[in-house]
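J.: This is data07.tsv (TSV, C-alpha atoms).
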chain	number	residue	atom	x	y	z
A	239	MET	CA	98.88	114.11	100.99
A	240	VAL	CA	96.09	111.58	100.58
A	241	LYS	CA	93.12	111.83	98.25
A	242	GLU	CA	90.61	111.39	101.10
A	243	THR	CA	90.48	110.24	104.73
A	244	LYS	CA	87.13	108.38	104.84
A	245	LEU	CA	88.57	104.95	105.71
A	246	TYR	CA	91.03	106.41	108.19
A	247	ASP	CA	88.16	108.27	109.87
A	248	GLN	CA	86.20	105.04	110.22
A	249	LEU	CA	89.08	103.60	112.28
A	250	SER	CA	89.81	106.93	114.03
A	251	VAL	CA	93.43	106.98	112.89
A	252	LYS	CA	95.53	109.50	110.98
A	253	PRO	CA	96.50	108.95	107.33
A	254	ASP	CA	100.11	108.41	108.38
A	255	ALA	CA	99.16	105.69	110.90
A	256	THR	CA	101.42	102.66	111.09
A	257	GLN	CA	100.14	99.14	110.40
A	258	ASP	CA	100.29	98.41	114.12
A	259	GLU	CA	98.16	101.47	114.89
A	260	ILE	CA	95.64	100.44	112.21
A	261	LYS	CA	95.51	96.93	113.65
A	262	LYS	CA	94.90	98.18	117.19
A	263	ALA	CA	92.28	100.65	116.01
A	264	TYR	CA	90.40	97.96	114.11
A	265	ARG	CA	90.48	95.61	117.08
A	266	LYS	CA	89.01	98.30	119.31
A	267	ALA	CA	86.31	99.26	116.81
A	268	ALA	CA	85.40	95.68	115.91
A	269	LEU	CA	85.02	94.63	119.53
A	270	LYS	CA	82.96	97.73	120.22
A	271	TRP	CA	80.54	97.31	117.32
A	272	HIS	CA	80.37	93.55	116.79
A	273	PRO	CA	76.70	92.52	116.41
A	274	ASP	CA	77.07	89.74	118.97
A	275	LYS	CA	77.73	92.39	121.61
A	276	ASN	CA	75.16	94.87	120.35
A	277	LYS	CA	72.02	92.82	119.82
A	278	ASP	CA	69.84	95.80	120.81
A	279	ASN	CA	71.66	98.30	118.61
A	280	PRO	CA	70.51	98.14	114.97
A	281	ASN	CA	73.28	100.53	113.89
A	282	ALA	CA	76.09	98.36	115.23
A	283	ALA	CA	76.15	95.96	112.27
A	284	GLU	CA	76.63	98.84	109.82
A	285	LYS	CA	79.45	100.34	111.90
A	286	PHE	CA	81.05	96.90	112.25
A	287	LYS	CA	80.91	96.46	108.47
A	288	ASP	CA	82.36	99.92	107.84
A	289	CYS	CA	85.36	99.46	110.12
A	290	SER	CA	86.00	95.92	108.82
A	291	GLN	CA	86.02	97.00	105.17
A	292	ALA	CA	88.23	99.96	106.06
A	293	TYR	CA	90.66	97.59	107.76
A	294	GLU	CA	90.70	95.21	104.80
A	295	ILE	CA	91.91	97.99	102.50
A	296	LEU	CA	94.22	99.83	104.90
A	297	SER	CA	95.89	96.67	106.21
A	298	ASP	CA	97.04	95.82	102.67
A	299	PRO	CA	99.97	98.12	101.76
A	300	GLU	CA	99.33	97.99	98.01
A	301	LYS	CA	95.59	98.64	98.25
A	302	ARG	CA	96.24	101.38	100.78
A	303	LYS	CA	98.69	103.02	98.40
A	304	VAL	CA	96.10	103.09	95.59
A	305	TYR	CA	93.41	104.35	97.99
A	306	ASP	CA	95.67	107.13	99.30
A	307	GLN	CA	96.44	108.27	95.77
A	308	TYR	CA	93.03	107.98	94.08
A	309	GLY	CA	90.40	107.47	96.80
A	310	LEU	CA	87.72	104.92	97.56
A	311	GLU	CA	85.50	105.75	94.59
A	312	PHE	CA	88.34	104.80	92.27
A	313	LEU	CA	88.44	101.35	93.87
A	314	LEU	CA	84.67	100.96	93.89
A	315	ARG	CA	84.25	101.94	90.27
A	316	GLY	CA	87.09	99.74	89.21
A	317	GLY	CA	89.31	102.52	88.02
A	318	ALA	CA	87.30	105.61	87.16
A	319	ALA	CA	88.75	108.00	84.61
A	320	PRO	CA	91.66	109.90	86.19
A	321	PRO	CA	92.15	113.64	85.87
A	322	PRO	CA	93.22	114.76	82.36
A	323	GLY	CA	96.80	113.90	81.60
A	324	GLU	CA	97.23	111.67	84.64
A	325	ASN	CA	97.85	107.94	84.47
A	326	PRO	CA	96.30	106.38	87.62
A	327	PHE	CA	98.62	103.40	87.44
A	328	ALA	CA	101.80	105.15	86.44
A	329	GLY	CA	104.71	103.17	87.79
A	330	ALA	CA	102.47	100.33	88.93
A	331	GLY	CA	104.07	97.89	86.53
A	332	GLY	CA	102.78	95.99	83.51
A	333	ALA	CA	101.85	97.28	80.07
A	334	GLY	CA	100.65	100.86	80.22
A	335	GLY	CA	101.15	100.87	83.98
A	336	MET	CA	98.30	98.41	84.71
A	337	PRO	CA	99.24	96.01	87.54
A	338	GLY	CA	99.35	92.30	86.74
A	339	SER	CA	96.61	91.72	84.06
A	340	PHE	CA	94.12	93.84	86.02
A	341	GLN	CA	92.60	95.22	82.84
A	342	GLY	CA	89.36	96.60	84.14
A	343	PHE	CA	86.62	96.26	86.73
A	344	ASP	CA	82.92	95.77	86.33
A	345	PHE	CA	80.88	96.91	89.30
A	346	GLY	CA	78.08	94.41	89.81
A	347	GLY	CA	74.66	95.88	90.63
A	348	GLY	CA	75.54	99.44	89.66
A	349	MET	CA	75.97	102.53	91.80
A	350	PRO	CA	74.15	105.53	90.40
A	351	GLY	CA	76.50	108.44	90.10
A	352	GLY	CA	79.32	106.33	91.46
A	353	GLY	CA	78.55	107.56	94.99
A	354	MET	CA	78.57	105.77	98.29
A	355	PRO	CA	75.52	106.87	100.27
A	356	GLY	CA	75.48	105.73	103.87
A	357	GLY	CA	79.06	104.52	104.02
A	358	ALA	CA	80.91	101.66	102.37
A	359	ARG	CA	78.94	98.77	100.91
A	360	SER	CA	79.95	95.31	99.85
A	361	PHE	CA	81.09	95.45	96.24
A	362	HIS	CA	82.05	93.16	93.42
A	363	PHE	CA	84.78	93.39	90.82
A	364	THR	CA	85.74	91.27	87.84
A	365	THR	CA	89.22	90.94	86.43
A	366	GLY	CA	90.26	91.11	82.82
A	367	GLY	CA	91.70	87.62	83.07
A	368	PRO	CA	89.74	84.41	82.53
A	369	GLY	CA	87.13	83.37	85.09
A	370	GLY	CA	86.41	84.44	88.64
A	371	SER	CA	85.57	87.65	90.46
A	372	PHE	CA	86.72	89.66	93.44
A	373	ASN	CA	84.37	89.88	96.41
A	374	PHE	CA	85.32	91.78	99.53
A	375	SER	CA	84.91	89.50	102.53
A	376	ASN	CA	81.91	89.89	104.75
A	377	PRO	CA	82.75	91.59	108.06
A	378	GLU	CA	82.55	88.34	110.05
A	379	SER	CA	85.19	86.74	107.79
A	380	ILE	CA	87.50	89.76	108.09
A	381	PHE	CA	87.16	89.72	111.86
A	382	ALA	CA	87.64	85.93	112.12
A	383	GLU	CA	90.82	86.08	110.07
A	384	PHE	CA	92.05	89.03	112.11
A	385	MET	CA	91.57	87.02	115.31
A	386	ARG	CA	93.23	83.90	113.86
A	387	GLY	CA	96.17	86.02	112.79
A	388	GLY	CA	96.85	87.07	116.39
A	389	GLY	CA	94.83	90.30	116.38
A	390	GLY	CA	92.91	89.32	119.53
A	391	GLY	CA	95.64	90.07	122.01
A	392	GLY	CA	97.33	93.13	123.47
A	393	GLY	CA	94.87	95.83	122.52
A	394	GLY	CA	95.10	98.69	124.95
A	395	GLY	CA	94.04	97.67	128.44
A	396	ASP	CA	90.68	99.47	128.46
A	397	GLU	CA	89.16	97.29	125.76
A	398	ASP	CA	87.11	94.15	126.20
A	399	ASP	CA	88.73	90.79	125.66
A	400	ALA	CA	87.97	89.15	122.34
A	401	PHE	CA	84.54	87.68	122.85
A	402	SER	CA	84.02	83.99	122.45
A	403	PHE	CA	82.37	82.02	119.73
A	404	PHE	CA	81.24	79.79	122.62
A	405	GLY	CA	80.48	82.51	125.20
A	406	GLY	CA	83.76	82.34	127.05
A	407	GLY	CA	86.25	80.30	125.06
A	408	ILE	CA	89.38	81.41	123.29
A	409	PRO	CA	89.84	80.66	119.59
A	410	ARG	CA	93.31	79.35	118.93
A	411	SER	CA	95.14	78.84	115.66
A	412	SER	CA	98.50	79.53	114.10
A	413	ALA	CA	96.97	80.26	110.70
A	414	ASN	CA	97.89	83.63	109.22
A	415	ARG	CA	95.60	86.01	107.45
A	416	SER	CA	95.12	84.51	103.99
A	417	SER	CA	94.16	85.83	100.61
A	418	ARG	CA	90.83	84.04	100.72
A	419	ALA	CA	89.36	87.27	102.08
A	420	ARG	CA	90.17	88.82	98.74
A	421	GLY	CA	88.31	86.13	96.79
A	422	PHE	CA	90.78	86.05	93.88
A	423	PRO	CA	90.84	82.82	91.87
A	424	GLY	CA	94.45	83.37	90.88
A	425	ALA	CA	96.54	86.35	91.87
A	426	ASP	CA	95.84	89.49	93.85
A	427	PRO	CA	95.94	92.37	91.33
A	428	PHE	CA	97.21	94.71	94.04
A	429	GLY	CA	99.61	92.17	95.48
A	430	GLY	CA	102.12	91.79	92.68
A	431	GLY	CA	100.65	88.56	91.30
A	432	ALA	CA	101.33	86.44	94.37
A	433	ALA	CA	99.64	83.04	94.44
A	434	ARG	CA	96.79	82.36	96.84
A	435	GLU	CA	97.67	80.93	100.19
A	436	ALA	CA	96.18	77.67	101.37
A	437	ALA	CA	92.92	77.77	103.29
A	438	PRO	CA	93.52	78.38	107.01
A	439	GLU	CA	93.40	75.53	109.45
A	440	VAL	CA	90.32	75.06	111.57
A	441	THR	CA	90.61	76.81	114.93
A	442	THR	CA	90.31	75.21	118.34
A	443	VAL	CA	88.28	76.89	121.08
A	444	GLU	CA	89.15	76.26	124.73
A	445	ARG	CA	86.59	76.65	127.49
A	446	ALA	CA	87.08	76.31	131.24
A	447	LEU	CA	85.09	73.58	132.99
A	448	PRO	CA	84.98	74.20	136.79
A	449	LEU	CA	84.28	71.06	138.84
A	450	THR	CA	83.99	70.28	142.54
A	451	LEU	CA	86.32	67.79	144.22
A	452	GLU	CA	83.33	65.51	144.76
A	453	GLU	CA	82.60	65.49	141.02
A	454	LEU	CA	86.24	64.73	140.27
A	455	PHE	CA	86.28	62.02	142.94
A	456	ASN	CA	83.13	60.19	141.85
A	457	GLY	CA	83.22	60.91	138.12
A	458	ILE	CA	80.23	62.44	136.37
A	459	THR	CA	78.76	63.27	132.98
A	460	LYS	CA	78.28	67.01	132.65
A	461	LYS	CA	75.78	68.39	130.15
A	462	MET	CA	77.08	71.61	128.63
A	463	LYS	CA	74.99	73.85	126.37
A	464	ILE	CA	76.91	75.69	123.67
A	465	LYS	CA	75.98	78.07	120.87
A	466	ARG	CA	77.40	77.43	117.41
A	467	LYS	CA	77.32	79.40	114.18
A	468	THR	CA	76.80	77.61	110.88
A	469	PHE	CA	75.62	78.41	107.36
A	470	ASP	CA	72.22	77.25	106.12
A	471	GLU	CA	71.40	76.12	102.58
A	472	THR	CA	71.22	79.71	101.35
A	473	GLY	CA	74.59	80.63	102.86
A	474	LYS	CA	73.03	82.68	105.66
A	475	ARG	CA	74.80	82.68	109.02
A	476	THR	CA	72.64	81.05	111.70
A	477	THR	CA	73.11	80.34	115.42
A	478	SER	CA	71.90	77.16	117.06
A	479	ASP	CA	72.15	75.53	120.50
A	480	GLN	CA	73.71	72.14	121.13
A	481	VAL	CA	74.02	70.11	124.33
A	482	LEU	CA	77.26	68.18	124.78
A	483	GLU	CA	77.71	65.35	127.27
A	484	VAL	CA	81.16	65.76	128.80
A	485	PRO	CA	82.49	62.60	130.50
A	486	ILE	CA	84.47	63.24	133.69
A	487	LYS	CA	86.50	60.22	134.77
A	488	PRO	CA	87.18	59.67	138.49
A	489	GLY	CA	90.47	61.26	139.53
A	490	LEU	CA	90.78	63.63	136.58
A	491	LYS	CA	93.20	66.47	137.42
A	492	LYS	CA	92.92	70.18	136.75
A	493	GLY	CA	94.36	71.13	133.39
A	494	SER	CA	93.08	67.94	131.77
A	495	LYS	CA	91.41	68.45	128.40
A	496	ILE	CA	88.22	66.82	127.13
A	497	LYS	CA	88.16	67.24	123.36
A	498	PHE	CA	85.23	67.47	120.94
A	499	LYS	CA	85.97	67.57	117.22
A	500	GLY	CA	83.91	69.60	114.75
A	501	VAL	CA	81.21	70.84	117.14
A	502	GLY	CA	81.94	74.55	116.94
A	503	ASP	CA	81.43	77.40	114.49
A	504	GLN	CA	81.55	76.61	110.81
A	505	GLU	CA	84.53	78.06	108.94
A	506	GLU	CA	86.01	77.75	105.48
A	507	GLY	CA	88.24	74.86	106.51
A	508	GLY	CA	85.55	73.02	108.45
A	509	LYS	CA	84.00	73.27	111.91
A	510	GLN	CA	85.84	74.39	115.01
A	511	ASP	CA	87.03	71.92	117.62
A	512	LEU	CA	86.14	72.51	121.27
A	513	HIS	CA	88.35	71.61	124.22
A	514	PHE	CA	87.03	71.72	127.79
A	515	ILE	CA	89.81	72.38	130.32
A	516	VAL	CA	89.20	71.02	133.81
A	517	GLU	CA	89.39	73.46	136.71
A	518	GLU	CA	88.99	72.59	140.40
A	519	LYS	CA	86.63	74.63	142.54
A	520	PRO	CA	87.95	75.52	146.01
A	521	HIS	CA	86.81	73.09	148.72
A	522	PRO	CA	85.99	74.15	152.30
A	523	LEU	CA	87.71	71.12	153.89
A	524	PHE	CA	90.25	69.64	151.51
A	525	VAL	CA	93.18	70.80	149.40
A	526	ARG	CA	94.27	68.58	146.54
A	527	HIS	CA	97.93	67.93	145.71
A	528	GLY	CA	98.17	65.49	142.83
A	529	ASP	CA	96.34	62.35	143.95
A	530	ASN	CA	96.56	63.25	147.64
A	531	LEU	CA	94.07	65.23	149.72
A	532	GLU	CA	95.06	67.37	152.68
A	533	HIS	CA	92.93	68.40	155.64
A	534	THR	CA	94.07	70.77	158.40
A	535	ILE	CA	93.02	70.56	162.08
A	536	ASP	CA	93.44	73.72	164.16
A	537	LEU	CA	94.52	73.19	167.78
A	538	ASP	CA	94.86	75.73	170.56
A	539	ILE	CA	97.98	75.68	172.67
A	540	LYS	CA	96.29	73.84	175.53
A	541	GLU	CA	95.11	71.01	173.25
A	542	ALA	CA	98.45	70.79	171.54
A	543	LEU	CA	100.21	70.35	174.90
A	544	THR	CA	97.75	68.18	176.84
A	545	GLY	CA	95.99	66.11	174.16
A	546	TRP	CA	92.86	66.27	172.04
A	547	LYS	CA	90.30	64.28	170.07
A	548	ARG	CA	88.64	64.96	166.69
A	549	THR	CA	86.38	63.19	164.19
A	550	VAL	CA	87.31	63.87	160.57
A	551	THR	CA	85.15	62.94	157.56
A	552	THR	CA	86.93	61.88	154.35
A	553	ILE	CA	85.78	62.90	150.87
A	554	ASP	CA	83.90	59.62	150.43
A	555	GLY	CA	82.06	59.99	153.76
A	556	LYS	CA	84.16	57.76	156.01
A	557	GLN	CA	84.76	59.00	159.55
A	558	LEU	CA	88.18	58.92	161.18
A	559	ASN	CA	88.47	59.23	164.94
A	560	ILE	CA	91.80	60.90	165.63
A	561	GLU	CA	93.11	61.21	169.19
A	562	LYS	CA	96.40	62.45	170.60
A	563	SER	CA	97.18	62.07	174.31
A	564	GLY	CA	100.51	63.85	174.28
A	565	PRO	CA	101.91	67.05	172.81
A	566	THR	CA	101.30	67.75	169.11
A	567	GLY	CA	103.99	69.77	167.39
A	568	PRO	CA	103.10	72.57	164.96
A	569	GLY	CA	103.37	71.51	161.31
A	570	THR	CA	103.25	67.80	162.08
A	571	PHE	CA	100.91	65.49	160.17
A	572	ASP	CA	99.58	61.96	159.86
A	573	THR	CA	99.09	60.05	156.60
A	574	TYR	CA	96.20	57.69	155.92
A	575	PRO	CA	96.95	55.61	152.80
A	576	SER	CA	94.41	55.06	150.03
A	577	LEU	CA	91.87	57.58	151.32
A	578	GLY	CA	92.70	60.35	148.85
A	579	MET	CA	91.63	60.92	145.23
A	580	PRO	CA	91.25	58.09	142.72
A	581	ILE	CA	94.30	57.61	140.49
A	582	SER	CA	92.89	58.07	136.98
A	583	LYS	CA	95.63	55.97	135.33
A	584	THR	CA	94.41	52.95	137.27
A	585	GLY	CA	90.80	53.50	136.27
A	586	GLY	CA	90.07	54.71	139.79
A	587	HIS	CA	90.90	51.35	141.39
A	588	GLU	CA	93.75	52.87	143.39
A	589	ARG	CA	93.73	56.03	145.46
A	590	GLY	CA	96.17	58.57	146.80
A	591	ASP	CA	96.68	59.37	150.48
A	592	PHE	CA	94.67	61.41	152.94
A	593	ILE	CA	96.99	63.69	154.92
A	594	VAL	CA	95.87	65.34	158.17
A	595	LYS	CA	98.00	68.35	159.14
A	596	TYR	CA	98.02	70.02	162.54
A	597	ASN	CA	98.08	73.77	162.96
A	598	VAL	CA	98.80	74.96	166.50
A	599	LYS	CA	97.33	78.38	167.25
A	600	PHE	CA	99.48	80.23	169.76
A	601	PRO	CA	98.05	82.97	171.97
A	602	THR	CA	98.77	86.51	170.86
A	603	SER	CA	99.51	87.72	174.42
A	604	LEU	CA	100.13	86.38	177.96
A	605	THR	CA	99.82	87.99	181.37
A	606	THR	CA	102.79	88.16	183.71
A	607	ARG	CA	101.23	85.51	185.90
A	608	GLN	CA	100.65	83.16	182.95
A	609	LYS	CA	104.24	83.56	181.86
A	610	GLN	CA	105.45	82.74	185.38
A	611	GLN	CA	103.22	79.67	185.57
A	612	LEU	CA	104.47	78.40	182.22
A	613	ARG	CA	108.06	78.85	183.32
A	614	GLU	CA	107.34	76.80	186.42
A	615	ILE	CA	105.54	74.07	184.46
A	616	LEU	CA	107.92	73.82	181.53
Please, can you express the file's structure as structure tokens?
T.:
Amino acid sequence: MVKETKLYDQLSVKPDATQDEIKKAYRKAALKWHPDKNKDNPNAAEKFKDCSQAYEILSDPEKRKVYDQYGLEFLLRGGAAPPPGENPFAGAGGAGGMPGSFQGFDFGGGMPGGGMPGGARSFHFTTGGPGGSFNFSNPESIFAEFMRGGGGGGGGGDEDDAFSFFGGGIPRSSANRSSRARGFPGADPFGGGAAREAAPEVTTVERALPLTLEELFNGITKKMKIKRKTFDETGKRTTSDQVLEVPIKPGLKKGSKIKFKGVGDQEEGGKQDLHFIVEEKPHPLFVRHGDNLEHTIDLDIKEALTGWKRTVTTIDGKQLNIEKSGPTGPGTFDTYPSLGMPISKTGGHERGDFIVKYNVKFPTSLTTRQKQQLREIL
């Protein structure tokens, strides 16, 4: 039996929810109410804050245990007087049951009556030990750490994908959720005195860069506009635009990465790196295979048997006059050396091959007379 269900209600889970259920519920709520996706909804920021602060408590087993037993007000007030005859930290360890030198809290700013009008607010505690204070993370920090810790994947199928810090990219990092969200200078009073973890590594964001075959053939400098979040002199989160010049070398293949260091969102460990990943747009005439280009000519059965003539234009505008006087077998091809894509390892000085394939289109039906005539001819 829990003291109250306020935080569980904010995540729409039951008090006996597992950590995995709490994680999935927070992901769903955070993606739904994140301010970046609700710019026209003034209530979204408050709901995003509420669910993030609920997650920060409920995702920590020790803090959740204290909350379940004594409620949120106990945490906010830094250990309000328990009911007569009851020790709120009985069995918690340390002298008199107080966990790890956590001798008392001082709520900064005051809360008349100890209440919480309008939902959870950011709050501030001080420890009995020397120096430092405990500040609950702002919602953006909680969410960012959640995503870095692998919380962005495998939600439920009907939820949106984790939205990008660059409008389409995917933040990547192996860093786990760290105690920096707790703000403790030494040990976590609810965590058994464990030492702080190191600051998480800076994440890398990957963004697709679709390019035409002509752009990959000739090489080009693409100007890409990105949005980045930084902190100003007062510590306020701000968003600004930046234009990056992305160099595309001739012959670059799909899957290649063009890397920019420190151009993304500002985090505790620094600024995010951005990697553009090359993608090839479909081409109406050519199919690329490595450094080679393929083009297919369709022939009807008459042309394939009696001969044909075509003019084919290569990717760099050259015209090839191709003529066959005899039968052309289905699936056959001709290779024209050094008329394909530039080979990037040679600086574009060498090129792959241009391969022309022949597709013979057979009739779907024949009359009795046509069949007889073919038997006589062949």
J.: Distance atom CA of A:Thr584-atom CA of A:Met462, one decimal place?
T.: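 Atom CA of A:Met462 lies 26.9 Å from atom CA of A:Thr584.
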J.: Report, in Å with one decimal, the straight-line distance from atom CA of A:Gly493 to atom CA of A:Ile515.
T.: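 Atom CA of A:Ile515 lies 5.6 Å from atom CA of A:Gly493.
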J.: Which value, in Å to one decimal, gives the distance between atom CA of A:Phe600 and atom CA of A:Glu614?
T.: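 Calculated distance between atom CA of A:Phe600 and atom CA of A:Glu614 is 18.7 Å.
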J.: I'd like the contact shell of A:Gly500 - 7 Å cut-off, all atoms listed in the file, skipping same-chain residues fewer than 5 positions apart - returned as a list in words.
T.: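 Result of the neighbour search: Lys509, Gln510 and Asp511 of chain A.
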J.: So which one's closest to A:Thr459, A:Glu378, A:Asp529, A:Glu383, A:Glu483? Using only C-alpha atoms, please.
T.: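 Of the candidates, the smallest distance to A:Thr459 is held by A:Glu483.
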J.: Got a sec: who's within 8 Å of stretch 277-291 of chain A, counting only C-alpha atoms, leaving out chain neighbours fewer than 2 positions off, as a VMD selection string?
T.: chain A and resid 245 248 to 249 264 267 to 268 271 to 275 293 to 295 357 to 359 374 376 to 377 380 to 381
J.: Near A:Arg302, within 12 Å and counting all atoms listed in the file, which residues show up once chain neighbours fewer than 3 positions away are dropped, as a PyMOL selection string?
T.: chain A and resi 240-243+245-246+253-257+260+291-299+305-310+313+428-429
J.: Which one of A:Arg548, A:Lys562, A:Lys540, A:His533 sits closest to A:Tyr574 if you count only C-alpha atoms?
T.: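 Looking at the shortest contact to A:Tyr574, the residue is A:His533.
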J.: Looking at only C-alpha atoms, which of A:Ile486, A:Val440, A:Phe514, A:Val525 is the one that sits closest to A:Ile464?
T.: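 Nearest candidate to A:Ile464 out of A:Ile486, A:Val440, A:Phe514, A:Val525: A:Phe514.
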J.: Pick from A:Lys474, A:Glu453, A:Pro485, A:Arg265: nearest to A:Phe384, with all atoms listed in the file counted?
T.: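 Of all the options, A:Arg265 lies closest to A:Phe384.
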